[in-house]
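Let me begin by presenting the structure, written as structure tokens, before commenting on it.
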Amino acid sequence: MNHFLKHKLSLIVFVVCTFFVVFVLPVHATTTFGELYITIGDAIMDSKKDDDANAKEALELFEKQWAEMNVQSSNTVEQINSAFTIAYEAENAEDRLVGLQQLAKGLAALEKELNPVDEKAERTNFGKKIQPAIDNLNEVIITKDRAAILQEYTKFVASWTKNERPVREMDIASYGKIETQVAFMRITLAEDEFDIDQLQGQFNTLTSAIDDFVAGKKVQAATGNYSTATLIGLLKDSKDLINEEEYDAAAQKLVEFIEIWPNVEGDIRTKNASLYTKIESNIPLLVSELSKSKVDNQRISDSISLFIKEIELIQTTSNYTYWDSALILLREGLEALLIIIALVAFLKKANQENQTKWIYIGAFAGLVVSASVAIILSTVLQSISAGTSREMMEGYIGLGAAVLMIGVGVWLHNKSSINAWNKYIQNQMNHAISTSSILSMAFVSFLSVFREGAETIIFYAGIAPKMSTLELSLGILIALVILAVFAVVLIKVSGKIPIHRFFIVATILIYLLAFKIIGVSIHTLQLTSVLPMNIVDGFPVISSIGFYPTWETIIPQVLLIGVVIWNLLRKK
């Protein structure tokens, strides 16, 4: 029996791991590397958070995507391969970031080789498009008319936003310098005491940066290992200084935020476009308000707190642990194991021990059918996700898994008494007896394994995309070891183990995991703008249990708690 059980569980592990590889959208383009850049970006973010497991997993995904590109060998391709090796084999985050930066540069160089672009023409074209807005703004600055300047400044920002793409893609240092001066001009225009000389200086720096880009002059890039954590740190420092009424120092922290912002804004723009716009528009205004004679410190502090919370929600890694992985297989495997052993014990009591092979055959058949269904399911989901955001698909599947898990929890709770469990098994046995067929016993065994196998795959579909392969495999391995030990113990002391206690514990754990999956899945859909994000003040982000302080995540989790309480009261 242990042989069949282990074979079943091992095959499920294989199917589950195979299932999640196909979740990644294959790259079919031959001359563009959008998916590769996204994967490198994920690896960079994970490395900055010292999340080695996810960084390596992103690099493994890059390796797969890169192989599918089938790019003809060249010196640049060799440089990319070398940079990948450096990043993948790095022993620490710092070395990995060096390799990733080389990898990104290599890809950019290769893309230029495959898609020749006249950079000089691109720069010149940008200059022609932005020049009218610059000229108009320059003319009104000379008049020193604040209202007119603000009006033309707004038009310039609109023109810059519309045409900034080549600057951002070709020279991030120039882009950062221009963005910083645009923000500084906004601060000056919003101050109580309008300093035209300061504004003129900022405008001159701005036009100089634009002229340098158009002329092809390279700007020295800012050095530093910046991330969203850096932004949060500066915001918290500013808030603390506001509470101490050190308004000039608080404003300076926000100025540092503005200077660093161009290096980090991509991490936010890709995950929450509305937050990106709010930060660019409002942070300069907060700097200006801190410079006024009367500072509304409470309002400014509240605004900064909201920005901190919103960035934290983006920064949070919504990952599961190996215990989450182990719990799923342990619960599903134990239920199937208990039913099979109960059926074998029944045959022994009926002096038909020689027929136990049919129970094992039924279990093995259930395993084969489960694997087949998993392969079909993975194929269908792959075709669906081909035109859909991967993150959206993860969110939808996670919610589906959570709903199924709640159903499992209710079923477990109903079996958590000795009488209920005995009645459940007796019903299965009575059916076999009434039909006088050992094949009926085999069919019960088949159904128990098939159902658990299908549930296991669906549950893993809900969590595997948000955990490393190592964590997933470790959890499955732990569950397999526990199941093997449990099987041996059950065989030797069958009938003496308080099964109902297992169901009580398993019910609690299943509900807790469902709580986490609901939070993580809805948060994923929020980050992809499928669902809104309305923050609830006063609550922390606790990603380890899937708690995110938004109404959209809290309400379903409260409903889950209500279902649990209702089920308890109903049983009483």
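Residue numbering restarts at 1 for every chain of the structure tokens, chains are lettered A, B, ... in their displayed order, and ligands are numbered from 1 as they appear.
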
Excluding Glu259 (chain A) and any residue of its chain fewer than 5 positions from it, enumerate the residues within 10 Å of it, using only C-alpha atoms, and give them as a PDB file with N, CA and C atoms, in the first residue's frame.
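As written to disk, out_3.pdb reads:
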```
ATOM      1  N   GLY A 176      16.000  61.459 -15.675  1.00  0.00           N
ATOM      2  CA  GLY A 176      15.933  61.784 -14.254  1.00  0.00           C
ATOM      3  C   GLY A 176      16.190  63.254 -13.987  1.00  0.00           C
ATOM      4  N   LYS A 177      17.144  63.828 -14.706  1.00  0.00           N
ATOM      5  CA  LYS A 177      17.474  65.244 -14.508  1.00  0.00           C
ATOM      6  C   LYS A 177      16.307  66.136 -14.930  1.00  0.00           C
ATOM      7  N   GLU A 179      13.052  65.232 -15.147  1.00  0.00           N
ATOM      8  CA  GLU A 179      11.938  64.995 -14.219  1.00  0.00           C
ATOM      9  C   GLU A 179      12.137  65.756 -12.908  1.00  0.00           C
ATOM     10  N   THR A 180      13.365  65.762 -12.415  1.00  0.00           N
ATOM     11  CA  THR A 180      13.656  66.441 -11.150  1.00  0.00           C
ATOM     12  C   THR A 180      13.408  67.940 -11.265  1.00  0.00           C
ATOM     13  N   GLN A 181      13.868  68.550 -12.349  1.00  0.00           N
ATOM     14  CA  GLN A 181      13.679  69.997 -12.520  1.00  0.00           C
ATOM     15  C   GLN A 181      12.209  70.352 -12.734  1.00  0.00           C
ATOM     16  N   ALA A 183       9.755  68.822 -11.327  1.00  0.00           N
ATOM     17  CA  ALA A 183       9.181  68.777  -9.978  1.00  0.00           C
ATOM     18  C   ALA A 183       9.582  70.006  -9.168  1.00  0.00           C
ATOM     19  N   PHE A 184      10.847  70.417  -9.288  1.00  0.00           N
ATOM     20  CA  PHE A 184      11.311  71.587  -8.539  1.00  0.00           C
ATOM     21  C   PHE A 184      10.573  72.853  -8.985  1.00  0.00           C
ATOM     22  N   ALA A 222      23.042  58.796 -11.803  1.00  0.00           N
ATOM     23  CA  ALA A 222      23.148  58.777 -10.341  1.00  0.00           C
ATOM     24  C   ALA A 222      23.459  57.361  -9.870  1.00  0.00           C
ATOM     25  N   LYS A 253      13.803  66.047   2.978  1.00  0.00           N
ATOM     26  CA  LYS A 253      13.642  64.598   2.769  1.00  0.00           C
ATOM     27  C   LYS A 253      12.762  64.326   1.549  1.00  0.00           C
ATOM     28  N   LEU A 254      11.735  65.157   1.376  1.00  0.00           N
ATOM     29  CA  LEU A 254      10.873  64.987   0.208  1.00  0.00           C
ATOM     30  C   LEU A 254      11.594  65.395  -1.076  1.00  0.00           C
TER      31      LEU A 254
END
```

| field | Shell around Asp302 (chain A) at 10 Å using only C-alpha atoms, local window under 5 positions removed, as a PyMOL selection string | value | chain A and resi 239+297+307-308+537

Next, write the just-selected residues to a file, as an mmCIF file, in the first residue's frame, keeping C-alpha atoms as the atom set.
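File produced: out14.cif:
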```
data_model
loop_
_atom_site.group_PDB
_atom_site.id
_atom_site.type_symbol
_atom_site.label_atom_id
_atom_site.label_comp_id
_atom_site.auth_asym_id
_atom_site.auth_seq_id
_atom_site.Cartn_x
_atom_site.Cartn_y
_atom_site.Cartn_z
ATOM 1 C CA LYS A 239 6.768 62.317 8.586
ATOM 2 C CA ASN A 297 1.157 69.457 9.626
ATOM 3 C CA PHE A 307 1.603 57.306 0.259
ATOM 4 C CA ILE A 308 3.605 55.048 2.587
ATOM 5 C CA ASP A 537 -6.515 53.443 7.930
#
```

| query | Using only C-alpha atoms, which residue out of A:Gly34, A:Ile478, A:Phe364, A:Ile359 lies closest to Trp323 (chain A)? | reply |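 Smallest separation from Trp323 (chain A) among the options: A:Ile478.
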
Go through region 33-138 of chain A residue by residue and, counting only C-alpha atoms, keep those with an atom at most 12 Å from region 193-214 of chain A; for each kept residue give the shortest atom pair and its distance in Å to one decimal, ordered by chain and increasing number, as a tab-separated table.
```
residue	atom	partner	partner_atom	distance
A:Glu119	CA	A:Val214	CA	9.7
A:Lys120	CA	A:Val214	CA	7.8
A:Ala121	CA	A:Val214	CA	9.2
A:Glu122	CA	A:Val214	CA	8.5
A:Arg123	CA	A:Val214	CA	4.7
A:Thr124	CA	A:Val214	CA	5.7
A:Asn125	CA	A:Val214	CA	8.5
A:Phe126	CA	A:Val214	CA	7.3
A:Gly127	CA	A:Val214	CA	5.9
A:Lys128	CA	A:Val214	CA	9.3
A:Lys129	CA	A:Val214	CA	11.2
A:Ile130	CA	A:Ile210	CA	8.9
A:Gln131	CA	A:Ile210	CA	9.4
A:Ala133	CA	A:Thr207	CA	11.0
A:Ile134	CA	A:Thr207	CA	7.6
A:Asp135	CA	A:Thr207	CA	10.0
A:Leu137	CA	A:Phe203	CA	8.9
A:Asn138	CA	A:Phe203	CA	8.0
```

| note | Among A:Ala215, A:Val98, A:Ala90, A:Ile304, Asp237 (chain A) is approached most closely, using only C-alpha atoms, by A:Ile304

Per residue of region 238-315 of chain A within 12 Å of region 151-167 of chain A, record the nearest atom pair and its distance in Å to one decimal, counting only C-alpha atoms, with rows in chain order and ascending residue number, as a Markdown table.
```
| residue | atom | partner | partner_atom | distance |
| --- | --- | --- | --- | --- |
| A:Pro262 | CA | A:Val167 | CA | 11.9 |
| A:Thr277 | CA | A:Thr161 | CA | 10.8 |
| A:Glu280 | CA | A:Val157 | CA | 11.0 |
| A:Ser281 | CA | A:Val157 | CA | 10.6 |
```

| Nearby residues (only C-alpha atoms) at most 12 Å from Ile554 (chain A), same-chain spacing under 2 positions excluded, as number ranges by chain | A: 515-516, 518-520, 522-523, 533-536, 539, 541, 546-552, 556-561

Export C-alpha atoms of the chosen residues as a PDB file, in the first residue's frame?
```
ATOM      1  CA  PHE A 515      -8.051  33.309   4.516  1.00  0.00           C
ATOM      2  CA  LYS A 516      -4.535  33.881   3.176  1.00  0.00           C
ATOM      3  CA  ILE A 518      -8.333  35.193  -0.524  1.00  0.00           C
ATOM      4  CA  GLY A 519      -6.211  38.150   0.597  1.00  0.00           C
ATOM      5  CA  VAL A 520      -3.280  37.423  -1.712  1.00  0.00           C
ATOM      6  CA  ILE A 522      -7.589  39.885  -4.367  1.00  0.00           C
ATOM      7  CA  HIS A 523      -4.446  41.945  -3.750  1.00  0.00           C
ATOM      8  CA  MET A 533      -7.867  49.628  -3.863  1.00  0.00           C
ATOM      9  CA  ASN A 534      -9.586  51.537  -1.031  1.00  0.00           C
ATOM     10  CA  ILE A 535      -7.242  51.632   1.947  1.00  0.00           C
ATOM     11  CA  VAL A 536      -8.483  51.244   5.527  1.00  0.00           C
ATOM     12  CA  PHE A 539      -4.247  48.538   9.996  1.00  0.00           C
ATOM     13  CA  VAL A 541       0.110  45.021   6.054  1.00  0.00           C
ATOM     14  CA  GLY A 546      -2.579  37.478   3.472  1.00  0.00           C
ATOM     15  CA  PHE A 547      -3.928  40.547   5.285  1.00  0.00           C
ATOM     16  CA  TYR A 548      -3.908  43.800   3.320  1.00  0.00           C
ATOM     17  CA  PRO A 549      -5.706  46.857   4.775  1.00  0.00           C
ATOM     18  CA  THR A 550      -8.150  47.502   1.940  1.00  0.00           C
ATOM     19  CA  TRP A 551     -11.921  47.136   1.965  1.00  0.00           C
ATOM     20  CA  GLU A 552     -11.775  44.844  -1.061  1.00  0.00           C
ATOM     21  CA  PRO A 556     -14.367  38.731   1.802  1.00  0.00           C
ATOM     22  CA  GLN A 557     -12.129  37.625   4.678  1.00  0.00           C
ATOM     23  CA  VAL A 558     -14.744  38.770   7.203  1.00  0.00           C
ATOM     24  CA  LEU A 559     -17.352  36.829   5.213  1.00  0.00           C
ATOM     25  CA  LEU A 560     -15.130  33.744   5.475  1.00  0.00           C
ATOM     26  CA  ILE A 561     -14.995  34.156   9.248  1.00  0.00           C
TER      27      ILE A 561
END
```

| request: Can you pull out every residue within 8 Å of Leu275 (chain A), counting only C-alpha atoms, but drop anything in the same chain fewer than 5 positions away, and send it as a list in words? | output: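 Near neighbours after the sequence-gap exclusion: Ile268, Arg269 and Glu310 of chain A.
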